[in-house]
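Engineer: To be precise about what I am sending: the file is called my_file.cif and holds mmCIF, C-alpha atoms.
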data_model
loop_
_atom_site.label_atom_id
_atom_site.label_comp_id
_atom_site.auth_asym_id
_atom_site.auth_seq_id
_atom_site.Cartn_x
_atom_site.Cartn_y
_atom_site.Cartn_z
CA MET A 1433 -15.44 -31.06 -113.07
CA ARG A 1434 -11.70 -31.77 -113.22
CA SER A 1435 -11.28 -28.98 -115.83
CA PHE A 1436 -13.06 -26.53 -113.54
CA HIS A 1437 -10.62 -27.33 -110.72
CA ARG A 1438 -7.66 -26.70 -113.03
CA ILE A 1439 -9.02 -23.34 -114.19
CA PHE A 1440 -9.77 -22.37 -110.58
CA LEU A 1441 -6.20 -23.27 -109.58
CA LEU A 1442 -4.83 -21.11 -112.38
CA ILE A 1443 -6.94 -18.16 -111.20
CA LEU A 1444 -5.52 -18.60 -107.70
CA VAL A 1445 -2.03 -18.35 -109.13
CA CYS A 1446 -2.89 -14.95 -110.59
CA ILE A 1447 -4.63 -13.61 -107.50
CA PRO A 1448 -1.58 -12.82 -105.30
CA PHE A 1449 -0.43 -10.01 -107.53
CA HIS A 1450 -3.80 -8.32 -107.48
CA MET A 1451 -4.43 -8.90 -103.80
CA GLN A 1452 -0.98 -7.67 -102.79
CA ALA A 1453 -1.34 -4.48 -104.74
CA GLY A 1454 -4.92 -3.90 -103.81
CA THR A 1455 -4.99 -4.54 -100.07
CA GLY A 1456 -4.95 -1.85 -97.42
CA VAL A 1457 -1.22 -2.33 -96.83
CA SER A 1458 0.63 0.51 -98.53
CA ASP A 1459 3.00 -0.46 -101.30
CA THR A 1460 5.30 2.45 -100.45
CA LEU A 1461 7.61 2.45 -97.48
CA LYS A 1462 9.77 5.37 -96.32
CA VAL A 1463 12.86 4.66 -94.25
CA TYR A 1464 14.89 7.57 -92.87
CA PHE A 1465 18.43 8.14 -91.71
CA ARG A 1466 19.48 11.12 -89.67
CA GLN A 1467 21.86 13.40 -91.50
CA ASN A 1468 25.34 11.85 -91.59
CA GLU A 1469 24.15 8.84 -89.57
CA LYS A 1470 25.75 5.57 -90.58
CA GLN A 1471 23.64 3.08 -88.62
CA TRP A 1472 19.99 2.30 -89.27
CA ASN A 1473 17.85 3.36 -86.30
CA GLN A 1474 14.62 1.40 -85.84
CA ASP A 1475 13.14 3.97 -83.46
CA TYR A 1476 13.76 6.96 -85.71
CA ARG A 1477 10.48 7.96 -87.36
CA TYR A 1478 9.00 4.47 -86.86
CA ASN A 1479 11.56 2.80 -89.11
CA GLY A 1480 11.30 -0.55 -87.37
CA LEU A 1481 7.51 -0.77 -87.46
CA ARG A 1482 7.30 0.13 -91.11
CA LEU A 1483 10.10 -2.24 -92.07
CA GLU A 1484 8.23 -5.11 -90.43
CA GLN A 1485 5.14 -4.28 -92.50
CA PHE A 1486 7.33 -4.23 -95.58
CA LEU A 1487 8.80 -7.64 -94.75
CA ASP A 1488 5.36 -9.11 -93.97
CA ASN A 1489 4.34 -8.33 -97.54
CA TYR A 1490 7.61 -9.75 -98.80
CA ARG A 1491 7.15 -13.01 -96.90
CA ARG A 1492 3.60 -13.39 -98.23
CA LEU A 1493 4.93 -12.91 -101.73
CA ARG A 1494 7.56 -15.61 -101.20
CA GLU A 1495 4.94 -18.07 -99.98
CA GLU A 1496 3.87 -18.40 -103.60
CA PRO A 1497 5.97 -21.14 -105.24
CA ILE A 1498 6.68 -19.21 -108.43
CA PHE A 1499 8.00 -16.24 -106.45
CA ARG A 1500 10.09 -18.07 -103.85
CA SER A 1501 13.37 -18.01 -105.73
CA LYS A 1502 12.75 -14.83 -107.73
CA ALA A 1503 11.59 -12.25 -105.18
CA ARG A 1504 14.75 -10.42 -104.17
CA ILE A 1505 15.16 -7.34 -102.03
CA HIS A 1506 17.04 -4.61 -103.88
CA ILE A 1507 18.78 -1.88 -101.88
CA TYR A 1508 19.22 1.17 -104.07
CA SER A 1509 21.23 4.20 -103.03
CA GLY A 1510 22.33 7.44 -104.65
CA CYS A 1511 23.69 10.83 -103.73
CA SER A 1512 23.52 14.48 -104.72
CA PRO A 1513 26.39 16.27 -106.50
CA GLU A 1514 27.65 18.41 -103.61
CA GLY A 1515 30.35 17.10 -101.34
CA ARG A 1516 33.15 14.73 -102.20
CA TYR A 1517 31.99 11.78 -104.24
CA LYS A 1518 34.21 9.24 -102.47
CA SER A 1519 32.98 10.35 -99.05
CA ASN A 1520 29.34 10.17 -100.15
CA MET A 1521 29.82 6.68 -101.53
CA ARG A 1522 31.54 5.52 -98.33
CA LEU A 1523 28.63 6.80 -96.26
CA LEU A 1524 26.09 5.15 -98.57
CA GLY A 1525 28.01 1.89 -98.39
CA MET A 1526 27.98 1.92 -94.59
CA ARG A 1527 24.23 2.61 -94.56
CA VAL A 1528 23.55 -0.23 -96.97
CA GLU A 1529 25.67 -2.62 -94.90
CA SER A 1530 23.85 -1.53 -91.76
CA LEU A 1531 20.42 -2.21 -93.26
CA LYS A 1532 21.62 -5.43 -94.87
CA SER A 1533 22.88 -6.76 -91.54
CA VAL A 1534 19.49 -5.99 -89.99
CA LEU A 1535 17.70 -7.93 -92.73
CA VAL A 1536 20.01 -10.94 -92.42
CA GLU A 1537 20.61 -11.12 -88.66
CA LYS A 1538 17.30 -9.91 -87.25
CA TYR A 1539 14.78 -10.93 -89.89
CA ASP A 1540 16.53 -14.04 -91.29
CA ILE A 1541 16.41 -12.87 -94.90
CA PRO A 1542 18.90 -14.99 -96.89
CA ASP A 1543 21.90 -12.99 -98.01
CA SER A 1544 21.52 -14.42 -101.53
CA LEU A 1545 18.15 -12.64 -101.90
CA ILE A 1546 19.55 -9.16 -101.15
CA VAL A 1547 20.89 -7.17 -104.07
CA GLU A 1548 22.91 -3.97 -103.60
CA ASP A 1549 22.66 -1.29 -106.26
CA PHE A 1550 24.83 1.86 -106.01
CA ARG A 1551 23.77 4.46 -108.54
CA GLY A 1552 26.08 7.35 -107.61
CA ILE A 1553 24.99 10.87 -108.47
CA ASN A 1554 21.46 10.97 -109.83
CA TRP A 1555 22.12 13.27 -112.80
CA GLU A 1556 19.05 12.07 -114.68
CA ARG A 1557 16.72 13.05 -111.87
CA LEU A 1558 18.48 16.41 -111.51
CA SER A 1559 17.95 17.09 -115.22
CA GLN A 1560 14.24 16.33 -114.85
CA MET A 1561 13.97 18.77 -111.94
CA VAL A 1562 15.74 21.50 -113.89
CA ILE A 1563 13.46 21.00 -116.90
CA ALA A 1564 10.34 21.13 -114.72
CA ASP A 1565 11.31 24.30 -112.80
CA PRO A 1566 11.03 27.54 -114.80
CA ALA A 1567 12.76 29.53 -112.04
CA VAL A 1568 16.19 27.88 -112.48
CA PRO A 1569 18.72 30.66 -113.26
CA PHE A 1570 20.35 30.34 -116.70
CA LYS A 1571 18.33 27.19 -117.29
CA ASP A 1572 19.48 26.53 -120.87
CA GLU A 1573 23.14 26.71 -119.90
CA VAL A 1574 22.57 24.39 -116.95
CA LEU A 1575 20.90 21.80 -119.19
CA THR A 1576 23.75 22.06 -121.68
CA HIS A 1577 26.27 21.22 -118.95
CA LEU A 1578 24.06 18.40 -117.62
CA GLN A 1579 24.15 16.79 -121.06
CA ALA A 1580 27.95 17.08 -121.33
CA PRO A 1581 30.28 14.21 -120.26
CA GLU A 1582 30.43 13.68 -116.52
CA THR A 1583 34.16 12.97 -116.32
CA VAL A 1584 37.29 13.30 -118.43
CA VAL A 1585 40.83 11.99 -118.01
CA ASN A 1586 43.37 14.80 -117.66
CA SER A 1587 46.96 14.86 -118.89
CA GLU A 1588 48.12 13.15 -115.68
CA GLY A 1589 45.76 10.25 -116.20
CA LYS A 1590 43.42 11.29 -113.38
CA LEU A 1591 39.64 11.27 -113.65
CA VAL A 1592 38.16 14.77 -113.27
CA GLU A 1593 34.48 15.48 -112.54
CA VAL A 1594 34.19 18.17 -115.18
CA ARG A 1595 30.40 18.28 -115.27
CA LYS A 1596 30.15 19.15 -111.60
CA LEU A 1597 32.99 21.67 -111.75
CA ARG A 1598 31.44 23.46 -114.72
CA LEU A 1599 28.11 23.68 -112.94
CA ILE A 1600 29.77 25.01 -109.79
CA TYR A 1601 31.53 27.85 -111.59
CA LEU A 1602 28.71 28.63 -114.02
CA ARG A 1603 27.56 32.27 -113.76
CA ASP A 1604 29.23 32.94 -110.41
CA SER A 1605 27.63 29.82 -108.92
CA GLU A 1606 24.11 31.27 -109.05
CA PRO A 1607 22.53 28.17 -110.66
CA TRP A 1608 24.48 25.89 -108.32
CA GLU A 1609 23.26 27.80 -105.27
CA TYR A 1610 19.68 27.49 -106.50
CA MET A 1611 19.96 23.75 -107.14
CA TYR A 1612 21.71 23.23 -103.81
CA GLU A 1613 18.74 24.73 -102.00
CA HIS A 1614 15.86 23.39 -104.08
CA PHE A 1615 16.98 20.13 -105.72
CA PHE A 1616 19.90 18.49 -103.95
CA PRO A 1617 18.01 17.51 -100.77
CA HIS A 1618 15.68 15.40 -102.92
CA LEU A 1619 18.60 13.58 -104.54
CA ARG A 1620 20.02 12.39 -101.21
CA HIS A 1621 17.88 9.30 -101.26
CA PHE A 1622 18.02 5.73 -100.05
CA GLU A 1623 15.63 3.23 -101.59
CA MET A 1624 14.75 -0.37 -100.95
CA TYR A 1625 12.28 -2.45 -102.92
CA PHE A 1626 11.35 -6.01 -103.71
CA GLY A 1627 9.76 -7.34 -106.85
CA VAL A 1628 9.60 -10.04 -109.44
CA ASP A 1629 10.78 -9.53 -113.00
CA ARG A 1630 7.73 -9.29 -115.29
CA ASN A 1631 9.24 -11.51 -118.02
CA GLN A 1632 10.29 -14.19 -115.54
CA TYR A 1633 6.84 -14.10 -113.98
CA ALA A 1634 5.10 -14.41 -117.34
CA ALA A 1635 7.30 -17.33 -118.40
CA GLU A 1636 6.80 -19.17 -115.13
CA LEU A 1637 3.06 -18.54 -115.15
CA HIS A 1638 2.85 -19.82 -118.74
CA ARG A 1639 4.81 -22.95 -117.80
CA MET A 1640 2.51 -23.69 -114.87
CA SER A 1641 -0.61 -23.00 -116.88
CA THR A 1642 0.39 -25.63 -119.48
CA LEU A 1643 0.65 -28.18 -116.67
CA ILE A 1644 -2.65 -27.50 -114.93
CA ALA A 1645 -5.06 -26.15 -117.54
CA PRO A 1646 -6.42 -27.82 -120.69
CA SER A 1647 -6.59 -24.52 -122.58
CA PRO A 1648 -3.76 -22.23 -121.40
CA ALA A 1649 -4.28 -19.64 -124.12
CA VAL A 1650 -7.85 -19.03 -123.01
CA ALA A 1651 -6.95 -19.07 -119.32
CA MET A 1652 -4.09 -16.64 -119.76
CA LYS A 1653 -6.35 -14.28 -121.64
CA GLU A 1654 -8.82 -14.27 -118.80
CA CYS A 1655 -6.11 -13.65 -116.18
CA THR A 1656 -4.68 -10.18 -116.75
CA LEU A 1657 -1.00 -9.95 -115.88
CA ALA A 1658 -0.33 -7.29 -113.28
CA GLU A 1659 2.77 -5.12 -113.01
CA PRO A 1660 5.45 -6.45 -110.64
CA LEU A 1661 4.85 -5.59 -107.05
CA ILE A 1662 7.40 -3.00 -105.94
CA HIS A 1663 7.89 -1.51 -102.51
CA GLN A 1664 10.13 1.52 -102.29
CA THR A 1665 12.05 3.32 -99.64
CA TYR A 1666 13.01 6.96 -99.94
CA MET A 1667 15.36 8.76 -97.61
CA ALA A 1668 14.06 12.28 -97.78
CA PRO A 1669 16.30 15.03 -96.38
CA GLU A 1670 15.30 16.53 -93.09
CA LYS A 1671 13.98 20.04 -93.28
CA LYS A 1672 16.62 22.65 -92.64
CA LYS A 1673 14.65 24.36 -89.92
CA THR A 1674 14.68 21.19 -87.81
CA GLN A 1675 18.38 20.54 -88.15
CA PRO A 1676 20.64 21.07 -85.16
CA LYS A 1677 23.49 23.38 -85.90
CA LYS A 1678 26.12 20.68 -86.22
CA SER A 1679 24.06 18.34 -88.42
CA SER A 1680 24.57 20.07 -91.73
CA PRO A 1681 24.53 18.10 -94.96
CA ASP A 1682 28.32 18.25 -94.86
CA GLY A 1683 28.41 16.46 -91.50
CA PHE A 1684 30.92 16.77 -88.68
CA CYS A 1685 34.26 18.19 -89.70
CA MET A 1686 37.04 19.92 -87.82
CA GLY A 1687 40.56 21.12 -88.51
CA ILE A 1688 43.74 21.00 -86.41
CA LYS A 1689 46.22 23.61 -87.58
CA THR A 1690 49.47 25.36 -86.94
CA ASN A 1691 50.55 28.77 -88.21
CA LEU A 1692 53.79 28.23 -90.11
CA LEU A 1693 54.76 31.90 -89.74
CA TYR A 1694 54.69 31.56 -85.95
CA ASP A 1695 56.65 28.32 -86.19
CA VAL A 1696 59.38 30.07 -88.15
CA LEU A 1697 59.54 32.70 -85.38
CA LEU A 1698 60.03 29.94 -82.77
CA THR A 1699 56.53 30.36 -81.37
CA PRO A 1700 54.77 26.99 -81.01
CA ASN A 1701 51.06 27.27 -81.66
CA LEU A 1702 47.99 25.13 -82.14
CA GLY A 1703 44.53 25.88 -83.51
CA LEU A 1704 41.19 24.07 -83.65
CA GLU A 1705 38.42 24.93 -86.08
CA PHE A 1706 34.96 23.36 -85.95
CA HIS A 1707 32.52 23.26 -88.85
CA LEU A 1708 29.14 24.43 -87.50
CA GLY A 1709 27.07 23.75 -90.60
CA ARG A 1710 25.60 25.98 -93.27
CA ARG A 1711 29.13 27.17 -94.14
CA TRP A 1712 29.94 28.60 -90.71
CA SER A 1713 32.88 27.64 -88.52
CA LEU A 1714 34.35 28.53 -85.14
CA GLY A 1715 38.11 28.65 -84.63
CA MET A 1716 40.31 28.92 -81.54
CA ASN A 1717 44.08 29.42 -81.63
CA GLY A 1718 46.69 29.53 -78.89
CA MET A 1719 50.44 30.14 -78.77
CA PHE A 1720 53.14 29.91 -76.13
CA ALA A 1721 56.89 30.59 -76.22
CA TRP A 1722 59.42 31.17 -73.45
CA TRP A 1723 63.00 31.51 -74.62
CA ASN A 1724 65.96 33.41 -73.17
CA TYR A 1725 69.74 33.65 -73.53
CA GLU A 1726 71.20 35.84 -70.83
CA PRO A 1727 74.70 36.48 -72.29
CA TRP A 1728 73.07 38.32 -75.21
CA HIS A 1729 70.18 39.68 -73.14
CA TRP A 1730 67.96 37.88 -75.57
CA TYR A 1731 64.48 37.26 -74.27
CA HIS A 1732 61.47 35.94 -76.19
CA ARG A 1733 58.26 35.36 -74.27
CA ILE A 1734 54.72 35.44 -75.63
CA TYR A 1735 51.47 33.71 -74.85
CA GLY A 1736 47.85 34.29 -75.76
CA GLY A 1737 45.22 33.32 -78.27
CA ASP A 1738 42.31 34.34 -80.42
CA VAL A 1739 38.79 33.26 -81.30
CA GLU A 1740 37.28 33.69 -84.74
CA ILE A 1741 33.92 32.93 -86.31
CA ARG A 1742 34.01 32.48 -90.06
CA ARG A 1743 31.59 32.48 -92.95
CA TRP A 1744 32.72 30.37 -95.90
CA MET A 1745 31.92 31.53 -99.43
CA GLY A 1746 32.39 30.60 -103.05
CA PRO A 1747 31.97 27.41 -105.07
CA LYS A 1748 34.68 25.41 -103.28
CA SER A 1749 32.89 25.84 -99.96
CA ARG A 1750 30.01 23.89 -101.50
CA LEU A 1751 32.21 20.94 -102.31
CA ALA A 1752 33.46 20.28 -98.79
CA PRO A 1753 33.62 22.03 -95.41
CA LEU A 1754 36.45 24.38 -94.42
CA GLN A 1755 37.73 25.20 -97.88
CA GLY A 1756 37.47 28.18 -100.21
CA TRP A 1757 37.15 31.86 -99.36
CA HIS A 1758 36.21 32.93 -95.85
CA ILE A 1759 35.52 36.13 -93.95
CA GLY A 1760 35.04 36.50 -90.23
CA ILE A 1761 35.36 38.52 -87.06
CA TYR A 1762 37.95 37.80 -84.39
CA GLY A 1763 39.04 38.74 -80.90
CA GLN A 1764 42.60 38.37 -79.62
CA ALA A 1765 44.48 38.70 -76.33
CA ILE A 1766 48.25 38.38 -75.83
CA SER A 1767 51.01 39.08 -73.32
CA TYR A 1768 54.60 39.45 -74.46
CA ASP A 1769 58.15 40.33 -73.51
CA PHE A 1770 60.86 40.79 -76.16
CA SER A 1771 64.44 41.82 -75.49
CA PHE A 1772 67.59 41.83 -77.59
CA ARG A 1773 70.91 43.24 -76.38
CA ASP A 1774 70.21 46.88 -75.43
CA LYS A 1775 66.44 47.28 -75.50
CA GLY A 1776 63.32 45.42 -74.36
CA PHE A 1777 59.55 45.71 -74.67
CA MET A 1778 57.23 44.07 -72.18
CA GLY A 1779 53.44 43.92 -72.38
CA GLU A 1780 52.99 42.96 -68.76
CA ARG A 1781 49.23 43.17 -68.94
CA LEU A 1782 47.15 41.61 -71.66
CA SER A 1783 46.81 43.55 -74.88
CA TYR A 1784 43.69 43.13 -76.98
CA ALA A 1785 42.82 43.18 -80.65
CA GLY A 1786 39.68 42.71 -82.70
CA GLY A 1787 38.46 43.20 -86.21
CA LEU A 1788 37.92 41.54 -89.56
CA ALA A 1789 39.68 38.42 -90.87
CA VAL A 1790 39.80 37.54 -94.55
CA GLY A 1791 41.42 34.54 -96.18
CA TYR A 1792 41.41 31.55 -98.46
CA SER A 1793 41.87 27.87 -97.61
CA ALA A 1794 43.26 25.78 -100.47
CA PRO A 1795 43.02 21.98 -100.41
CA VAL A 1796 46.33 20.17 -100.85
CA THR A 1797 45.03 16.65 -100.30
CA GLU A 1798 41.66 15.33 -99.18
CA ARG A 1799 42.75 15.70 -95.53
CA MET A 1800 45.12 18.66 -95.73
CA ASN A 1801 44.63 22.37 -96.49
CA ILE A 1802 46.83 25.44 -96.50
CA ASP A 1803 45.03 28.47 -95.09
CA PHE A 1804 46.08 32.05 -95.91
CA THR A 1805 44.55 34.69 -93.62
CA VAL A 1806 45.13 38.31 -92.66
CA ASN A 1807 43.54 39.98 -89.64
CA LEU A 1808 42.82 43.68 -89.90
CA GLY A 1809 41.56 45.60 -86.90
CA TYR A 1810 42.33 47.58 -83.76
CA PHE A 1811 45.07 46.67 -81.30
CA THR A 1812 45.23 48.30 -77.87
CA GLY A 1813 47.22 47.97 -74.67
CA GLU A 1814 50.45 49.25 -73.19
CA TYR A 1815 54.02 48.12 -72.96
CA LYS A 1816 57.03 48.97 -70.83
CA GLU A 1817 60.27 49.88 -72.52
CA TYR A 1818 63.43 48.83 -70.62
CA PHE A 1819 67.15 48.25 -71.10
CA PRO A 1820 69.78 46.07 -69.40
CA ASP A 1821 72.29 47.75 -67.10
CA ASP A 1822 74.97 45.89 -65.13
CA GLY A 1823 72.95 42.70 -64.81
CA GLU A 1824 69.72 44.51 -64.05
CA TYR A 1825 66.81 45.54 -66.28
CA VAL A 1826 65.92 49.22 -65.90
CA TRP A 1827 62.47 50.53 -66.73
CA LYS A 1828 62.58 53.48 -69.09
CA SER A 1829 58.96 54.38 -69.89
CA THR A 1830 55.41 53.03 -70.26
CA VAL A 1831 53.98 53.51 -73.72
CA PRO A 1832 50.24 53.30 -74.51
CA LEU A 1833 49.55 51.32 -77.66
CA LYS A 1834 46.69 52.17 -80.02
CA TYR A 1835 47.03 50.77 -83.50
CA TYR A 1836 44.82 50.27 -86.56
CA GLY A 1837 45.95 47.89 -89.28
CA LEU A 1838 47.35 44.39 -89.68
CA THR A 1839 47.27 42.56 -86.36
CA LYS A 1840 47.94 39.01 -87.52
CA ALA A 1841 49.12 37.11 -90.60
CA GLU A 1842 48.59 33.42 -91.06
CA ILE A 1843 49.84 30.68 -93.37
CA SER A 1844 48.53 27.62 -91.63
CA LEU A 1845 48.80 23.94 -92.33
CA VAL A 1846 45.37 22.39 -91.56
CA TRP A 1847 44.76 18.70 -90.90
CA LEU A 1848 41.10 17.86 -91.46
CA LEU A 1849 39.13 15.32 -89.43
CA GLY A 1850 35.60 14.07 -89.93
CA ARG A 1851 33.52 13.78 -93.05
CA ARG A 1852 34.79 15.31 -96.27
#
Rewrite the structure of this file - the entire thing - as structure tokens.

Structural biologist:
Amino acid sequence: MRSFHRIFLLILVCIPFHMQAGTGVSDTLKVYFRQNEKQWNQDYRYNGLRLEQFLDNYRRLREEPIFRSKARIHIYSGCSPEGRYKSNMRLLGMRVESLKSVLVEKYDIPDSLIVEDFRGINWERLSQMVIADPAVPFKDEVLTHLQAPETVVNSEGKLVEVRKLRLIYLRDSEPWEYMYEHFFPHLRHFEMYFGVDRNQYAAELHRMSTLIAPSPAVAMKECTLAEPLIHQTYMAPEKKKTQPKKSSPDGFCMGIKTNLLYDVLLTPNLGLEFHLGRRWSLGMNGMFAWWNYEPWHWYHRIYGGDVEIRRWMGPKSRLAPLQGWHIGIYGQAISYDFSFRDKGFMGERLSYAGGLAVGYSAPVTERMNIDFTVNLGYFTGEYKEYFPDDGEYVWKSTVPLKYYGLTKAEISLVWLLGRR
């Protein structure tokens, strides 16, 4: 009778694994973050409710003596190749800390039982996706680059992400564009799981069986060892069609800029450019100057501004917002009055311009770009020509202005704010 009790106790030790995996409670949990959101939101897509179910299973697992000190919660995070690696890792770190603080402060999970695991870019998973998809452009070349070293040290001793750069510039970025659309959203994941190491479990179970059963070899044979119980969390990307315009994968980003050419001409100016998502941006620029020196009849007055909407293109625009080639349309309005010694030109009413803007924004540092732009279009208005005479300014003629060609040149220093 005593032997029967021992064998029954051993069977009970084995039951939790089977019951946990076989009950109606799902062993898969999905937790979501909004795009570019740093803090865990319990109300977003029922995160809080599902996390509580997850932790109920975890607590039941820890009620078993052999699991109490071994069942840890692992927080696993990774990112996709696009964007700046340092920025992605900072965002992932803040998300992990947010979820970790919830586990410790709200649910009283000991900090010692939480393990953080940063995996970086999930190249292995990307390779699997490329292999499985026959529609990937230049598939063999893509796989060759995926198998090459991820980084190299250049002559200056800096680490360069050569694998990513080669993929970006491969075949005019066609494979990169395809992977960006079809694969990268699935690599922006955020996983959490708990489990017990199979070898530790087997050793502990064997140790306990020798203490409570007369024939541990027979008992162990009758009790099949299950796989470790694992609960996972996957942060799937939100579908593009549901994204608000300013919630692109690149996140919020804006630039504050000044046109150095205007500065040289003693015309203070300031511009703001907002990243709208999906490689679109909206820029607004203004300028104002009011200088005069009467002894020389020198007069310099101008004020006005322009609005431009841009489309960003090329591989660099995939790496971070507001960099690379851009093309856009603009509208401009200015008023001016210039005079020097014996002649003056005054646009008393606003003059207008509009047309096409083309340029390139080159990164200097992570937070600083230099933007080169030319505006080509139509400029219209009128100005009054005048001259000084005995302390007075005499109107000479009114000249209509209709002009096709270069209406603005820009070499701007851009300070970038927001996520990079």

Engineer: If we count all atoms listed in the file, what is near Asp1803 (chain A) at a cut-off of 9 Å, once residues fewer than 4 positions away on the same chain are taken out, given as a PDB file with C-alpha atoms, in the coordinates of the input?

Structural biologist:
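Output below, filename part25.pdb:
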ATOM      1  CA  ASN A1691      50.550  28.770 -88.210  1.00  0.00           C
ATOM      2  CA  GLN A1755      37.730  25.200 -97.880  1.00  0.00           C
ATOM      3  CA  GLY A1791      41.420  34.540 -96.180  1.00  0.00           C
ATOM      4  CA  TYR A1792      41.410  31.550 -98.460  1.00  0.00           C
ATOM      5  CA  SER A1793      41.870  27.870 -97.610  1.00  0.00           C
ATOM      6  CA  ALA A1794      43.260  25.780-100.470  1.00  0.00           C
ATOM      7  CA  PRO A1795      43.020  21.980-100.410  1.00  0.00           C
ATOM      8  CA  GLU A1842      48.590  33.420 -91.060  1.00  0.00           C
ATOM      9  CA  ILE A1843      49.840  30.680 -93.370  1.00  0.00           C
ATOM     10  CA  SER A1844      48.530  27.620 -91.630  1.00  0.00           C
ATOM     11  CA  LEU A1845      48.800  23.940 -92.330  1.00  0.00           C
ATOM     12  CA  VAL A1846      45.370  22.390 -91.560  1.00  0.00           C
TER      13      VAL A1846
END

Engineer: If we count all atoms listed in the file and set the cut-off at 10 Å, which residues sit around region 1810-1822 of chain A, ignoring sequence neighbours fewer than 5 positions away in its own chain? Please answer as an mmCIF file with C-alpha atoms, in the coordinates of the input.

Structural biologist:
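What ended up in result_8.cif:
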data_model
loop_
_atom_site.group_PDB
_atom_site.id
_atom_site.type_symbol
_atom_site.label_atom_id
_atom_site.label_comp_id
_atom_site.auth_asym_id
_atom_site.auth_seq_id
_atom_site.Cartn_x
_atom_site.Cartn_y
_atom_site.Cartn_z
ATOM 1 C CA HIS A 1729 70.180 39.680 -73.140
ATOM 2 C CA GLY A 1763 39.040 38.740 -80.900
ATOM 3 C CA GLN A 1764 42.600 38.370 -79.620
ATOM 4 C CA ALA A 1765 44.480 38.700 -76.330
ATOM 5 C CA ILE A 1766 48.250 38.380 -75.830
ATOM 6 C CA SER A 1767 51.010 39.080 -73.320
ATOM 7 C CA TYR A 1768 54.600 39.450 -74.460
ATOM 8 C CA ASP A 1769 58.150 40.330 -73.510
ATOM 9 C CA PHE A 1770 60.860 40.790 -76.160
ATOM 10 C CA SER A 1771 64.440 41.820 -75.490
ATOM 11 C CA PHE A 1772 67.590 41.830 -77.590
ATOM 12 C CA ARG A 1773 70.910 43.240 -76.380
ATOM 13 C CA ASP A 1774 70.210 46.880 -75.430
ATOM 14 C CA LYS A 1775 66.440 47.280 -75.500
ATOM 15 C CA GLY A 1776 63.320 45.420 -74.360
ATOM 16 C CA PHE A 1777 59.550 45.710 -74.670
ATOM 17 C CA MET A 1778 57.230 44.070 -72.180
ATOM 18 C CA GLY A 1779 53.440 43.920 -72.380
ATOM 19 C CA GLU A 1780 52.990 42.960 -68.760
ATOM 20 C CA ARG A 1781 49.230 43.170 -68.940
ATOM 21 C CA LEU A 1782 47.150 41.610 -71.660
ATOM 22 C CA SER A 1783 46.810 43.550 -74.880
ATOM 23 C CA TYR A 1784 43.690 43.130 -76.980
ATOM 24 C CA ALA A 1785 42.820 43.180 -80.650
ATOM 25 C CA GLY A 1786 39.680 42.710 -82.700
ATOM 26 C CA GLY A 1787 38.460 43.200 -86.210
ATOM 27 C CA LEU A 1788 37.920 41.540 -89.560
ATOM 28 C CA TRP A 1827 62.470 50.530 -66.730
ATOM 29 C CA LYS A 1828 62.580 53.480 -69.090
ATOM 30 C CA SER A 1829 58.960 54.380 -69.890
ATOM 31 C CA THR A 1830 55.410 53.030 -70.260
ATOM 32 C CA VAL A 1831 53.980 53.510 -73.720
ATOM 33 C CA PRO A 1832 50.240 53.300 -74.510
ATOM 34 C CA LEU A 1833 49.550 51.320 -77.660
ATOM 35 C CA LYS A 1834 46.690 52.170 -80.020
ATOM 36 C CA TYR A 1835 47.030 50.770 -83.500
ATOM 37 C CA TYR A 1836 44.820 50.270 -86.560
ATOM 38 C CA GLY A 1837 45.950 47.890 -89.280
ATOM 39 C CA LEU A 1838 47.350 44.390 -89.680
ATOM 40 C CA THR A 1839 47.270 42.560 -86.360
#

Engineer: Which residue is closest to Met1719 (chain A)? Choose from A:Leu1487, A:Leu1702, A:Ile1505, A:Ile1802 and count all atoms listed in the file.

Structural biologist: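 Closest to Met1719 (chain A), using all atoms listed in the file: A:Leu1702.
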
Engineer: Record the distance separating CA of Arg1711 (chain A) and CA of Trp1555 (chain A), expressed in Å with one decimal.

Structural biologist: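 Between CA of Arg1711 (chain A) and CA of Trp1555 (chain A) the gap works out to 24.3 Å.
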
Engineer: Mind checking which residues fall within 12 Å of Glu1606 (chain A), counting all atoms listed in the file, ignoring those fewer than 4 positions away in the same chain, and posting them as a list in words?

Structural biologist: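 Counting only the stated atoms, we get Ala1567, Val1568, Pro1569, Phe1570, Lys1571, Glu1573, Val1574, Leu1599, Ile1600, Tyr1601, Leu1602, Tyr1610, Met1611, Tyr1612, Glu1613, Gly1746 and Pro1747 of chain A.
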
Engineer: Calculate how many Å separate CA of Asn1520 (chain A) from CA of Ser1533 (chain A), rounding to one decimal.

Structural biologist: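 CA of Asn1520 (chain A) sits 20.1 Å away from CA of Ser1533 (chain A).
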
Engineer: From the options A:Trp1847, A:His1707, A:Glu1484, A:His1506, which residue's atoms come nearest to Val1796 (chain A), counting all atoms listed in the file?

Structural biologist: A:Trp1847

Engineer: What does the distance between CA of Tyr1731 (chain A) and CA of Leu1693 (chain A) come to in Å, to one decimal place?

Structural biologist: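 Taking CA of Tyr1731 (chain A) as the start and CA of Leu1693 (chain A) as the end point, the length is 19.0 Å.
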
Engineer: Of the candidates A:Arg1750, A:His1758, A:Arg1551, A:Arg1851, which shows the shortest atom-to-atom distance to Val1806 (chain A), using all atoms listed in the file?

Structural biologist: A:His1758

Engineer: Compare A:Leu1558, A:Val1528, A:Leu1597, A:Met1521 by their minimum atom-to-atom distance to Phe1465 (chain A), counting only C-alpha atoms, and give me the closest one.

Structural biologist: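 Checking each of A:Leu1558, A:Val1528, A:Leu1597, A:Met1521 against Phe1465 (chain A), counting only C-alpha atoms, the winner is A:Val1528.
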